[in-house]
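Have a look at model.cif; it's mmCIF, C-alpha atoms and all ligand atoms:
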data_target
loop_
_atom_site.label_atom_id
_atom_site.label_comp_id
_atom_site.auth_asym_id
_atom_site.auth_seq_id
_atom_site.Cartn_x
_atom_site.Cartn_y
_atom_site.Cartn_z
CA MET L 217 -41.99 176.15 -13.41
CA LEU L 218 -39.33 173.69 -14.42
CA ASN L 219 -36.04 174.98 -15.71
CA ALA L 220 -34.22 173.35 -18.58
CA ASP L 221 -31.14 172.62 -16.47
CA ARG L 222 -30.60 169.40 -14.60
CA THR L 223 -32.00 169.99 -11.17
CA ASP L 224 -31.19 168.67 -7.72
CA PRO L 225 -33.80 165.93 -6.97
CA ALA L 226 -34.91 167.65 -3.76
CA VAL L 227 -35.55 170.90 -5.64
CA LEU L 228 -37.26 169.04 -8.45
CA ARG L 229 -39.52 167.20 -5.97
CA GLU L 230 -40.50 170.54 -4.50
CA GLN L 231 -41.25 171.98 -7.95
CA ILE L 232 -43.35 168.96 -8.89
CA ALA L 233 -45.31 169.13 -5.62
CA THR L 234 -45.96 172.85 -6.22
CA GLU L 235 -47.19 172.20 -9.77
CA LEU L 236 -49.39 169.28 -8.67
CA LEU L 237 -50.97 171.51 -6.04
CA ALA L 238 -51.50 174.41 -8.46
CA ALA L 239 -53.25 172.11 -10.94
CA ARG L 240 -55.49 170.66 -8.23
CA GLU L 241 -56.43 174.09 -6.89
CA ARG L 242 -57.51 175.08 -10.39
CA THR L 243 -59.49 171.85 -10.80
CA ALA L 244 -61.17 172.51 -7.45
CA LEU L 245 -62.06 176.06 -8.51
CA LEU L 246 -63.57 174.94 -11.81
CA THR L 247 -65.52 172.03 -10.33
CA GLY L 248 -66.48 173.86 -7.12
CA ALA L 249 -67.99 176.89 -8.87
CA VAL L 250 -71.13 174.98 -9.89
CA ASP L 251 -73.49 172.66 -8.02
CA ASP L 252 -73.64 168.86 -8.41
CA ALA L 253 -76.47 169.03 -10.93
CA GLU L 254 -74.31 171.17 -13.20
CA LEU L 255 -71.30 168.91 -12.65
CA VAL L 256 -73.12 165.87 -14.01
CA ALA L 257 -74.92 167.78 -16.81
CA GLN L 258 -73.58 167.96 -20.33
CA HIS L 259 -73.34 171.61 -21.34
CA SER L 260 -72.47 170.84 -24.97
CA PRO L 261 -72.20 167.60 -26.98
CA LEU L 262 -68.61 168.72 -27.68
CA MET L 263 -67.70 168.45 -24.01
CA SER L 264 -67.71 165.90 -21.22
CA PRO L 265 -69.70 166.51 -18.05
CA LEU L 266 -67.29 168.22 -15.64
CA VAL L 267 -67.57 165.25 -13.29
CA TRP L 268 -66.07 163.03 -16.02
CA ASP L 269 -63.00 165.29 -16.31
CA LEU L 270 -62.60 165.21 -12.54
CA ALA L 271 -62.41 161.43 -12.21
CA HIS L 272 -60.49 161.08 -15.51
CA ILE L 273 -57.79 163.36 -14.08
CA GLY L 274 -57.50 161.05 -11.06
CA ASN L 275 -57.62 157.92 -13.21
CA GLN L 276 -54.77 159.04 -15.53
CA GLU L 277 -52.74 160.04 -12.49
CA GLU L 278 -53.30 156.61 -10.95
CA LEU L 279 -52.47 154.85 -14.21
CA TRP L 280 -49.23 156.67 -15.01
CA LEU L 281 -47.83 157.46 -11.59
CA LEU L 282 -49.12 154.84 -9.16
CA ARG L 283 -49.24 151.88 -11.55
CA ASN L 284 -46.62 152.55 -14.26
CA VAL L 285 -44.05 154.39 -12.16
CA GLY L 286 -44.89 153.01 -8.72
CA GLY L 287 -45.80 149.44 -9.75
CA ARG L 288 -48.98 149.49 -7.62
CA ASP L 289 -52.11 147.44 -8.30
CA PRO L 290 -55.18 149.20 -9.75
CA MET L 291 -57.34 150.82 -7.08
CA HIS L 292 -60.65 150.33 -8.93
CA PRO L 293 -60.01 148.43 -12.17
CA GLU L 294 -63.75 148.37 -12.92
CA ILE L 295 -63.84 152.13 -13.53
CA ASP L 296 -60.87 152.26 -15.92
CA PRO L 297 -62.96 151.78 -19.10
CA LEU L 298 -65.33 154.61 -18.11
CA TYR L 299 -62.51 157.13 -18.07
CA ASP L 300 -60.62 155.93 -21.13
CA ALA L 301 -60.97 158.87 -23.55
CA PHE L 302 -60.55 156.55 -26.55
CA GLU L 303 -63.29 154.15 -25.50
CA HIS L 304 -66.11 156.67 -25.15
CA PRO L 305 -66.50 159.81 -27.26
CA ARG L 306 -67.51 162.91 -25.33
CA ALA L 307 -71.13 162.83 -26.52
CA GLU L 308 -71.59 159.38 -24.91
CA ARG L 309 -70.08 160.17 -21.53
CA PRO L 310 -73.16 161.52 -19.73
CA ARG L 311 -74.88 158.13 -20.20
CA LEU L 312 -72.05 156.16 -18.56
CA PRO L 313 -72.36 155.00 -14.94
CA LEU L 314 -69.84 157.67 -13.85
CA LEU L 315 -68.73 158.18 -10.26
CA PRO L 316 -71.00 160.80 -8.67
CA PRO L 317 -69.33 164.10 -7.70
CA ALA L 318 -68.49 163.20 -4.09
CA GLU L 319 -66.96 159.86 -5.10
CA ALA L 320 -65.07 161.38 -8.03
CA ARG L 321 -63.53 163.97 -5.67
CA ALA L 322 -62.68 161.34 -3.07
CA TYR L 323 -61.04 159.10 -5.70
CA ALA L 324 -58.89 161.93 -7.14
CA HIS L 325 -57.96 162.96 -3.60
CA GLU L 326 -56.99 159.41 -2.61
CA VAL L 327 -54.82 159.03 -5.72
CA ARG L 328 -53.12 162.35 -5.02
CA GLY L 329 -52.23 161.40 -1.47
CA ARG L 330 -50.53 158.21 -2.66
CA VAL L 331 -48.78 160.12 -5.47
CA LEU L 332 -47.26 162.56 -2.99
CA ASP L 333 -45.92 159.59 -0.99
CA LEU L 334 -44.48 158.11 -4.17
CA LEU L 335 -42.90 161.44 -5.12
CA ALA L 336 -41.26 161.78 -1.70
CA ALA L 337 -39.54 158.42 -2.16
CA SER L 338 -38.72 158.73 -5.88
CA PRO L 339 -35.14 159.21 -7.10
CA LEU L 340 -36.54 161.01 -10.20
CA GLU L 341 -33.93 159.30 -12.38
CA GLY L 342 -32.86 155.88 -13.57
CA ALA L 343 -35.77 155.21 -15.97
CA PRO L 344 -37.02 157.16 -18.97
CA LEU L 345 -40.41 157.88 -17.34
CA LEU L 346 -38.66 159.13 -14.21
CA ASP L 347 -35.80 161.19 -15.64
CA ALA L 348 -36.27 164.85 -14.70
CA GLY L 349 -39.64 163.80 -13.28
CA PHE L 350 -41.08 163.38 -16.78
CA ALA L 351 -44.13 161.27 -15.83
CA PHE L 352 -45.01 163.71 -13.05
CA GLY L 353 -44.62 166.59 -15.51
CA MET L 354 -46.82 164.82 -18.04
CA ILE L 355 -49.55 164.33 -15.42
CA VAL L 356 -49.32 167.95 -14.24
CA GLN L 357 -49.74 169.11 -17.85
CA HIS L 358 -52.58 166.62 -18.38
CA GLU L 359 -54.54 168.01 -15.43
CA GLN L 360 -53.94 171.60 -16.56
CA GLN L 361 -55.07 170.69 -20.09
CA HIS L 362 -58.30 169.29 -18.68
CA ASP L 363 -58.67 172.47 -16.63
CA GLU L 364 -58.48 174.41 -19.89
CA THR L 365 -61.13 172.09 -21.36
CA MET L 366 -63.28 172.58 -18.27
CA LEU L 367 -62.93 176.34 -18.66
CA ALA L 368 -64.21 175.94 -22.22
CA THR L 369 -67.15 174.00 -20.77
CA HIS L 370 -67.79 176.93 -18.43
CA GLN L 371 -67.84 179.24 -21.46
CA LEU L 372 -70.37 176.95 -23.18
CA ARG L 373 -72.72 176.59 -20.20
CA SER L 374 -75.74 178.85 -20.02
CA GLY L 375 -76.83 180.52 -16.80
CA PRO L 376 -75.43 183.29 -14.64
CA ALA L 377 -71.69 183.94 -14.31
CA VAL L 378 -69.89 181.92 -11.63
CA LEU L 379 -66.25 182.76 -12.43
CA ASP L 380 -64.51 186.06 -11.96
CA ALA L 381 -61.02 187.49 -12.49
CA PRO L 382 -59.40 190.93 -12.76
CA PRO L 383 -58.99 192.47 -16.23
CA PRO L 384 -55.71 191.89 -18.10
CA PRO L 385 -53.13 194.68 -18.50
CA ALA L 386 -53.65 197.37 -21.14
CA ALA L 387 -51.62 197.81 -24.31
CA THR L 388 -48.52 199.95 -23.81
CA GLY L 389 -45.92 201.81 -25.81
CA GLY L 390 -48.06 203.53 -28.43
CA PRO L 391 -48.92 202.23 -31.88
CA LEU L 392 -46.86 199.24 -32.96
CA PRO L 393 -45.81 198.40 -36.53
CA VAL L 394 -48.52 196.28 -38.14
CA GLU L 395 -46.09 193.52 -39.07
CA VAL L 396 -42.54 192.40 -38.39
CA LEU L 397 -39.98 190.98 -40.81
CA VAL L 398 -38.37 187.62 -40.13
CA PRO L 399 -35.38 187.37 -42.50
CA ALA L 400 -34.57 184.22 -44.47
CA GLY L 401 -32.38 181.57 -42.88
CA PRO L 402 -32.28 178.39 -40.85
CA PHE L 403 -33.44 177.93 -37.28
CA THR L 404 -33.83 175.09 -34.80
CA MET L 405 -37.41 173.84 -34.49
CA GLY L 406 -38.53 171.52 -31.68
CA THR L 407 -36.44 170.44 -28.71
CA ASP L 408 -34.15 167.75 -27.30
CA THR L 409 -33.57 169.51 -23.99
CA GLU L 410 -36.92 170.73 -22.64
CA PRO L 411 -37.41 168.14 -19.85
CA TRP L 412 -41.21 168.02 -19.87
CA ALA L 413 -41.69 168.45 -23.63
CA LEU L 414 -44.04 165.85 -25.11
CA ASP L 415 -43.17 163.49 -27.93
CA ASN L 416 -44.58 165.66 -30.73
CA GLU L 417 -42.23 168.55 -29.79
CA ARG L 418 -39.19 166.31 -30.40
CA PRO L 419 -36.58 166.01 -31.83
CA ALA L 420 -34.88 169.35 -32.43
CA HIS L 421 -34.17 169.79 -36.15
CA ARG L 422 -32.97 172.52 -38.49
CA VAL L 423 -35.53 174.19 -40.75
CA GLU L 424 -34.63 176.64 -43.53
CA LEU L 425 -37.25 179.34 -44.19
CA PRO L 426 -37.52 182.13 -46.75
CA ALA L 427 -38.11 185.63 -45.39
CA PHE L 428 -41.67 186.46 -44.33
CA TRP L 429 -43.70 189.18 -42.65
CA LEU L 430 -45.80 188.30 -39.62
CA ASP L 431 -48.48 190.35 -37.85
CA THR L 432 -46.97 192.00 -34.78
CA ALA L 433 -49.95 190.85 -32.71
CA PRO L 434 -52.96 188.57 -33.15
CA VAL L 435 -55.79 189.85 -35.38
CA SER L 436 -58.10 192.07 -33.32
CA ASN L 437 -61.89 192.07 -33.07
CA GLY L 438 -61.79 195.50 -34.72
CA SER L 439 -60.02 194.12 -37.79
CA TYR L 440 -62.29 191.09 -37.82
CA LEU L 441 -65.36 193.35 -37.71
CA ARG L 442 -64.15 194.97 -40.96
CA PHE L 443 -64.10 191.50 -42.55
CA LEU L 444 -67.71 191.03 -41.40
CA ALA L 445 -68.77 194.49 -42.56
CA ASP L 446 -67.17 193.86 -45.95
CA GLY L 447 -69.35 190.77 -46.44
CA GLY L 448 -66.52 188.32 -45.78
CA TYR L 449 -68.93 185.61 -44.62
CA ASP L 450 -70.96 185.92 -47.84
CA ASP L 451 -68.14 185.81 -50.37
CA PRO L 452 -66.95 182.32 -51.37
CA ARG L 453 -63.81 183.83 -52.94
CA TRP L 454 -62.18 184.02 -49.51
CA TRP L 455 -63.01 180.49 -48.39
CA THR L 456 -61.58 177.11 -49.30
CA PRO L 457 -64.23 174.81 -50.83
CA ALA L 458 -64.39 172.82 -47.59
CA GLY L 459 -64.52 176.03 -45.56
CA TRP L 460 -67.34 177.47 -47.66
CA ALA L 461 -69.33 174.22 -47.47
CA HIS L 462 -68.95 174.29 -43.70
CA ARG L 463 -69.80 177.99 -43.44
CA MET L 464 -73.04 177.31 -45.35
CA SER L 465 -74.08 174.11 -43.56
CA ALA L 466 -73.27 175.45 -40.09
CA GLY L 467 -74.73 178.88 -40.87
CA LEU L 468 -71.63 180.72 -39.65
CA GLU L 469 -72.03 184.51 -39.59
CA ALA L 470 -69.62 185.66 -36.89
CA PRO L 471 -67.34 184.16 -34.20
CA LEU L 472 -68.95 181.76 -31.74
CA PHE L 473 -70.67 183.53 -28.79
CA TRP L 474 -71.25 186.74 -30.81
CA GLN L 475 -74.75 188.13 -31.32
CA ARG L 476 -75.91 191.19 -33.19
CA ASP L 477 -77.82 193.82 -31.20
CA GLY L 478 -79.09 196.55 -33.51
CA GLY L 479 -76.02 198.25 -34.88
CA GLN L 480 -73.45 196.59 -32.64
CA TRP L 481 -72.03 193.18 -31.88
CA LEU L 482 -72.19 191.71 -28.40
CA ARG L 483 -70.48 188.62 -27.05
CA ARG L 484 -71.21 186.26 -24.19
CA ARG L 485 -68.17 185.65 -22.00
CA PHE L 486 -68.45 183.26 -19.04
CA GLY L 487 -72.08 184.18 -18.47
CA ARG L 488 -71.79 187.93 -19.11
CA VAL L 489 -72.99 189.72 -22.24
CA GLU L 490 -70.90 192.72 -23.28
CA PRO L 491 -69.99 194.73 -26.39
CA VAL L 492 -67.26 193.10 -28.46
CA PRO L 493 -64.06 194.99 -27.50
CA GLU L 494 -62.36 196.11 -30.70
CA ASP L 495 -58.83 196.13 -29.28
CA GLU L 496 -58.85 192.49 -28.09
CA PRO L 497 -57.63 189.56 -30.21
CA VAL L 498 -60.52 187.81 -31.93
CA LEU L 499 -61.46 184.58 -30.16
CA HIS L 500 -63.61 181.50 -30.90
CA VAL L 501 -63.06 181.36 -34.65
CA SER L 502 -62.53 178.15 -36.59
CA TRP L 503 -59.52 177.49 -38.82
CA TYR L 504 -61.82 178.00 -41.81
CA GLU L 505 -62.79 181.48 -40.61
CA ALA L 506 -59.18 182.40 -39.82
CA ASP L 507 -58.07 181.22 -43.25
CA ALA L 508 -60.89 183.15 -44.99
CA TYR L 509 -60.02 186.34 -43.10
CA ALA L 510 -56.37 185.99 -44.12
CA ARG L 511 -57.29 185.65 -47.83
CA TRP L 512 -59.65 188.63 -47.59
CA ALA L 513 -56.76 190.63 -46.09
CA GLY L 514 -54.52 189.58 -49.02
CA ARG L 515 -52.45 187.46 -46.67
CA ARG L 516 -52.26 183.89 -45.37
CA LEU L 517 -51.95 181.99 -42.11
CA PRO L 518 -48.34 181.42 -41.03
CA THR L 519 -46.94 177.92 -41.20
CA GLU L 520 -46.14 176.28 -37.91
CA ALA L 521 -42.41 176.64 -38.64
CA GLU L 522 -42.81 180.36 -39.31
CA TRP L 523 -44.67 180.80 -36.05
CA GLU L 524 -41.96 178.98 -34.08
CA LYS L 525 -39.10 180.85 -35.74
CA ALA L 526 -40.76 184.20 -34.94
CA ALA L 527 -41.29 183.05 -31.36
CA ARG L 528 -37.99 181.34 -30.52
CA HIS L 529 -35.16 182.22 -32.88
CA ASP L 530 -32.61 184.66 -31.51
CA PRO L 531 -30.90 186.24 -34.55
CA VAL L 532 -27.97 187.41 -32.40
CA SER L 533 -26.94 184.06 -30.92
CA GLY L 534 -28.51 181.94 -33.66
CA ARG L 535 -30.13 179.62 -31.11
CA SER L 536 -33.75 178.94 -30.33
CA ARG L 537 -34.95 180.04 -26.91
CA ARG L 538 -37.64 178.54 -24.70
CA PHE L 539 -39.93 181.56 -25.00
CA PRO L 540 -40.12 184.75 -27.10
CA TRP L 541 -38.57 186.79 -24.25
CA GLY L 542 -35.79 184.30 -23.48
CA ASP L 543 -35.38 181.21 -21.33
CA ALA L 544 -37.00 182.47 -18.11
CA ALA L 545 -40.24 180.81 -17.01
CA PRO L 546 -43.33 182.87 -17.87
CA GLY L 547 -44.23 185.52 -15.31
CA PRO L 548 -47.28 187.79 -15.18
CA GLU L 549 -45.20 190.49 -16.95
CA HIS L 550 -44.52 188.24 -19.96
CA ALA L 551 -47.81 186.72 -21.02
CA ASN L 552 -51.49 186.24 -20.27
CA LEU L 553 -51.52 182.63 -19.06
CA GLY L 554 -52.99 180.46 -16.32
CA GLN L 555 -56.56 181.80 -16.20
CA ARG L 556 -55.32 184.85 -14.26
CA HIS L 557 -57.68 186.83 -16.50
CA LEU L 558 -60.82 185.49 -18.12
CA ARG L 559 -60.11 187.12 -21.47
CA PRO L 560 -57.26 187.96 -23.85
CA ALA L 561 -55.33 191.19 -23.21
CA PRO L 562 -55.64 194.01 -25.75
CA VAL L 563 -53.46 193.82 -28.83
CA GLY L 564 -50.08 195.37 -28.00
CA ALA L 565 -49.97 194.34 -24.34
CA TYR L 566 -47.01 192.59 -22.70
CA PRO L 567 -44.02 194.54 -24.07
CA GLU L 568 -41.77 192.43 -21.83
CA GLY L 569 -42.92 189.32 -23.66
CA GLU L 570 -41.84 190.60 -27.06
CA SER L 571 -39.74 188.35 -29.32
CA PRO L 572 -36.39 189.47 -30.80
CA TYR L 573 -38.18 190.24 -34.07
CA GLY L 574 -40.67 192.48 -32.23
CA ALA L 575 -43.74 190.22 -32.31
CA ARG L 576 -46.02 190.40 -29.29
CA GLN L 577 -48.37 188.01 -27.50
CA LEU L 578 -47.08 184.91 -29.24
CA ILE L 579 -47.44 183.13 -25.89
CA GLY L 580 -50.76 183.36 -24.04
CA ASP L 581 -53.93 185.33 -24.86
CA VAL L 582 -55.25 183.18 -27.74
CA TRP L 583 -54.19 179.92 -29.36
CA GLU L 584 -53.10 180.76 -32.90
CA TRP L 585 -54.21 178.68 -35.85
CA THR L 586 -51.41 177.89 -38.30
CA SER L 587 -51.71 176.67 -41.89
CA SER L 588 -49.94 173.41 -41.00
CA ASP L 589 -51.34 169.91 -40.68
CA PHE L 590 -50.37 168.01 -37.52
CA THR L 591 -47.49 165.63 -38.30
CA GLY L 592 -44.43 164.17 -36.60
CA TYR L 593 -41.08 165.92 -36.91
CA PRO L 594 -38.29 164.11 -38.79
CA GLY L 595 -37.12 161.33 -36.44
CA PHE L 596 -40.35 161.36 -34.38
CA THR L 597 -40.76 158.52 -31.88
CA ALA L 598 -44.05 157.97 -30.07
CA TRP L 599 -43.49 158.16 -26.32
CA PRO L 600 -44.68 157.18 -23.81
CA TYR L 601 -47.83 156.13 -25.70
CA ARG L 602 -49.04 156.36 -29.31
CA GLU L 603 -52.37 157.84 -28.27
CA TYR L 604 -50.76 161.03 -27.01
CA SER L 605 -49.95 162.35 -30.50
CA GLU L 606 -49.27 159.86 -33.23
CA VAL L 607 -52.82 158.63 -33.74
CA PHE L 608 -53.80 162.23 -34.60
CA PHE L 609 -51.13 162.81 -37.27
CA GLY L 610 -52.49 163.60 -40.72
CA PRO L 611 -54.38 166.20 -42.73
CA GLU L 612 -57.52 166.10 -40.56
CA TYR L 613 -56.00 168.28 -37.83
CA LYS L 614 -54.51 171.78 -37.97
CA VAL L 615 -51.81 172.90 -35.57
CA LEU L 616 -52.36 175.71 -33.06
CA ARG L 617 -49.50 177.43 -31.27
CA GLY L 618 -48.73 179.66 -28.33
CA GLY L 619 -51.40 178.84 -25.75
CA SER L 620 -54.27 181.01 -24.54
CA PHE L 621 -55.18 182.82 -21.33
CA ALA L 622 -56.63 179.45 -20.28
CA VAL L 623 -53.31 177.60 -20.57
CA ALA L 624 -51.10 177.09 -17.51
CA PRO L 625 -47.47 178.22 -17.74
CA VAL L 626 -46.36 174.64 -17.07
CA ALA L 627 -48.23 173.45 -20.17
CA CYS L 628 -46.93 176.21 -22.44
CA ARG L 629 -43.60 176.83 -24.17
CA GLY L 630 -42.26 177.92 -27.53
CA THR L 631 -42.18 174.33 -28.76
CA PHE L 632 -45.64 173.28 -27.52
CA ARG L 633 -48.03 172.04 -30.22
CA ASN L 634 -51.81 171.79 -30.03
CA TRP L 635 -54.08 170.44 -32.75
CA ASP L 636 -57.76 170.40 -33.57
CA TYR L 637 -60.29 170.01 -36.37
CA PRO L 638 -60.59 173.05 -38.67
CA VAL L 639 -64.29 173.45 -37.72
CA ARG L 640 -63.68 173.81 -33.97
CA ARG L 641 -64.63 177.12 -32.32
CA GLN L 642 -65.23 176.34 -28.63
CA ILE L 643 -61.47 176.33 -27.99
CA PHE L 644 -59.78 179.61 -27.05
CA ALA L 645 -58.39 180.17 -30.53
CA GLY L 646 -57.63 183.21 -32.66
CA PHE L 647 -54.86 183.76 -35.20
CA ARG L 648 -52.41 186.15 -36.80
CA THR L 649 -51.55 186.43 -40.49
CA ALA L 650 -48.37 186.40 -42.59
CA ARG L 651 -47.15 187.08 -46.10
CA ASP L 652 -44.09 186.19 -48.16
CA ALA L 653 -41.40 188.86 -48.26
CA GLU L 654 -40.80 189.32 -51.97
CA PRO L 655 -37.43 190.75 -52.86
CA ARG L 656 -37.95 194.44 -53.59
CA THR L 657 -36.93 195.67 -56.99
CA GLY L 658 -36.13 199.21 -58.03
CA GLY L 659 -36.12 202.29 -55.79
FE FE K 1 -57.15 163.26 -20.79
#

Could you write out this file's structure as structure tokens?
Amino acid sequence: MLNADRTDPAVLREQIATELLAARERTALLTGAVDDAELVAQHSPLMSPLVWDLAHIGNQEELWLLRNVGGRDPMHPEIDPLYDAFEHPRAERPRLPLLPPAEARAYAHEVRGRVLDLLAASPLEGAPLLDAGFAFGMIVQHEQQHDETMLATHQLRSGPAVLDAPPPPAATGGPLPVEVLVPAGPFTMGTDTEPWALDNERPAHRVELPAFWLDTAPVSNGSYLRFLADGGYDDPRWWTPAGWAHRMSAGLEAPLFWQRDGGQWLRRRFGRVEPVPEDEPVLHVSWYEADAYARWAGRRLPTEAEWEKAARHDPVSGRSRRFPWGDAAPGPEHANLGQRHLRPAPVGAYPEGESPYGARQLIGDVWEWTSSDFTGYPGFTAWPYREYSEVFFGPEYKVLRGGSFAVAPVACRGTFRNWDYPVRRQIFAGFRTARDAEPRTGG
């Protein structure tokens, strides 16, 4: 994982090659676990066929690294439009004349071989796309993001389980306080120094926040079950008008992949059906459900700025760190990342990943919905292309923070921003809640 310091080009080349390989091994695992018929099938209208992701990964790599950085001619210009995410919505992709699985693999493999040659000869400086290996870092993150999407496709597919992983670590250290206090004051949000940060994470800017309380850990299934048992899905008081209208039209009654079995709730997880574990963060809820739960609990979702201050601000030094635990790259002791486990860890796990304010599991486990719309920071500049972020700015999208167990360490940091529609549930998203810290009066 890349460090924030300027790195020797030989070391940086080695790091990039390692990250490219790790991403491709994960892609191979996700696309090799099912047969060709399943690769070309569409498992949900929300998702592309896996074979589309596979060739799209190769196509973006060719476009940015071989053509833009390397100045090479297109290898197969006729396929470019098929793999342009903006030209064809996901629902349309199965009807396109896509490369069959063997050809898609061969294409991605061919691109990768040429990219490794390019990397070996690249000075990794002297142009904005090259500085600190930015374009390579962007492509590594792109592949890992599609791997996360492909893992979501695996969760949506029906049929027997094909993926396996060991369970995550248990919670440690006894009962934790329910919430932590983040005192009032300014902090630095966003970054100017993180070498592979994307345009929407920039620039660094000061934000002043009043004091607030934040849940120590993400909301658990056990807590969410109390919202269900209390009739939370049947009480419009807890829902925004848009949220209630959606709850009614979509018939929402519980998180996605849950089913009632007599007196208990079960969930389907990568092809296995099991009782809902009460100590795990709730997963596969929409922003509307998260927001309704928070109101029912007499609380609210945190703003994006509150989330980032709780995750990055070090009250001793006054600076913002890369991660809740400091500046060190995420290790298995810090956070549940990288598909090492196929589920979130129980609430209260990862004591070594705790933030200075005492919040846990801000990174990894589940993406966390925030109350904030997706917008550009003050001084935002689209780079290297408007379609990465800017075209999504506005009130239609809500920001998610922190990454999930499906997110690779290289595509996760305290400044990283994700966004999605408030109705979406197939993503690996949960949430935690917050409240204002009113000044206490009297004894
Ligand atoms: Fe993409």

Next on the checklist: Please list as an MDAnalysis selection string every residue within 12 Å of range 395-402 of chain L, counting all atoms listed in the file and excluding residues in the same chain fewer than 4 positions away.
Outcome noted: chainID L and resid 391 421:435 515 518 521:531 534:536 564 570:576 648:655

Preceding selection exported with C-alpha atoms as a compact mmCIF listing (two decimals), keeping the file's coordinate frame:
# COMPACT_ATOMS: atom_id res chain seq x y z
CA PRO L 391 -48.92 202.23 -31.88
CA HIS L 421 -34.17 169.79 -36.15
CA ARG L 422 -32.97 172.52 -38.49
CA VAL L 423 -35.53 174.19 -40.75
CA GLU L 424 -34.63 176.64 -43.53
CA LEU L 425 -37.25 179.34 -44.19
CA PRO L 426 -37.52 182.13 -46.75
CA ALA L 427 -38.11 185.63 -45.39
CA PHE L 428 -41.67 186.46 -44.33
CA TRP L 429 -43.70 189.18 -42.65
CA LEU L 430 -45.80 188.30 -39.62
CA ASP L 431 -48.48 190.35 -37.85
CA THR L 432 -46.97 192.00 -34.78
CA ALA L 433 -49.95 190.85 -32.71
CA PRO L 434 -52.96 188.57 -33.15
CA VAL L 435 -55.79 189.85 -35.38
CA ARG L 515 -52.45 187.46 -46.67
CA PRO L 518 -48.34 181.42 -41.03
CA ALA L 521 -42.41 176.64 -38.64
CA GLU L 522 -42.81 180.36 -39.31
CA TRP L 523 -44.67 180.80 -36.05
CA GLU L 524 -41.96 178.98 -34.08
CA LYS L 525 -39.10 180.85 -35.74
CA ALA L 526 -40.76 184.20 -34.94
CA ALA L 527 -41.29 183.05 -31.36
CA ARG L 528 -37.99 181.34 -30.52
CA HIS L 529 -35.16 182.22 -32.88
CA ASP L 530 -32.61 184.66 -31.51
CA PRO L 531 -30.90 186.24 -34.55
CA GLY L 534 -28.51 181.94 -33.66
CA ARG L 535 -30.13 179.62 -31.11
CA SER L 536 -33.75 178.94 -30.33
CA GLY L 564 -50.08 195.37 -28.00
CA GLU L 570 -41.84 190.60 -27.06
CA SER L 571 -39.74 188.35 -29.32
CA PRO L 572 -36.39 189.47 -30.80
CA TYR L 573 -38.18 190.24 -34.07
CA GLY L 574 -40.67 192.48 -32.23
CA ALA L 575 -43.74 190.22 -32.31
CA ARG L 576 -46.02 190.40 -29.29
CA ARG L 648 -52.41 186.15 -36.80
CA THR L 649 -51.55 186.43 -40.49
CA ALA L 650 -48.37 186.40 -42.59
CA ARG L 651 -47.15 187.08 -46.10
CA ASP L 652 -44.09 186.19 -48.16
CA ALA L 653 -41.40 188.86 -48.26
CA GLU L 654 -40.80 189.32 -51.97
CA PRO L 655 -37.43 190.75 -52.86

Ligand FE 1 (chain K): which residues are within 7 Å, counting all atoms listed in the file? Reply as a short mmCIF file (atom, residue, chain, number, x, y, z; two decimals) with C-alpha atoms, in the coordinates of the input.
data_model
loop_
_atom_site.label_atom_id
_atom_site.label_comp_id
_atom_site.auth_asym_id
_atom_site.auth_seq_id
_atom_site.Cartn_x
_atom_site.Cartn_y
_atom_site.Cartn_z
CA HIS L 272 -60.49 161.08 -15.51
CA ILE L 273 -57.79 163.36 -14.08
CA ALA L 301 -60.97 158.87 -23.55
CA HIS L 358 -52.58 166.62 -18.38
CA HIS L 362 -58.30 169.29 -18.68
#

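Counting all atoms listed in the file, Ala381 in chain L has the following residues at most 12 Å away, ignoring those fewer than 2 positions along the same chain: Ala377, Val378, Leu379, Pro383, Pro384, Phe486, Gly554, Gln555, Arg556, His557, Leu558, Arg559, Pro560 and Phe621 of chain L.
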
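Nearest residue to Pro600 in chain L among L:Asp543, L:Asp450, L:Asp415, L:Glu520 is L:Asp415, counting all atoms listed in the file.
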
Next on the checklist: Under the rule that all atoms listed in the file are counted, which of L:Glu308, L:Glu584, L:Glu410, L:Glu341 is the nearest residue to Met263 in chain L?
Outcome noted: L:Glu308

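Nearest residue to Phe609 in chain L among L:Leu553, L:Asn416, L:Arg453, L:Leu472 is L:Asn416, counting all atoms listed in the file.
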
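Minimum distance to Val327 in chain L across L:Pro419, L:Gly274, L:Pro548, L:Pro562 (counting only C-alpha atoms) occurs at L:Gly274.
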
Item to check | Computed interatomic separation between CA of Val626 in chain L and CA of Gln357 in chain L (Å) | outcome: 6.5 Å

Box dimensions and centre (Å, one decimal) enclosing range 495-502 of chain L, axis-aligned, 5 Å extra per side, as lines of an AutoDock Vina configuration file:
center_x = -60.6
center_y = 187.1
center_z = -32.3
size_x = 16.0
size_y = 28.0
size_z = 18.5

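When the distance limit is 8 Å and only C-alpha atoms are what count, the residues near range 228-242 of chain L, minus those fewer than 6 positions from it on the same chain, are Met217, Leu218, Leu332, Leu335, Ala336, Ala348, Gly349, Phe352, Gly353, Val356, Glu359, Gln360, Asp363 and Val626 of chain L.
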
Next on the checklist: For a cutoff of 10 Å around the file-coordinate point (-73.6, 161.6, -7.1), which residues qualify once you count all atoms listed in the file? I'd like the result as a ChimeraX atom specification.
Outcome noted: /L:252-253,255-256,267,314-320

Checklist entry - Which polymer residues have any atom within 7 Å of an atom of Ala420 in chain L, counting all atoms listed in the file, with same-chain residues fewer than 3 positions away left out, as a count of residues only? => result 5
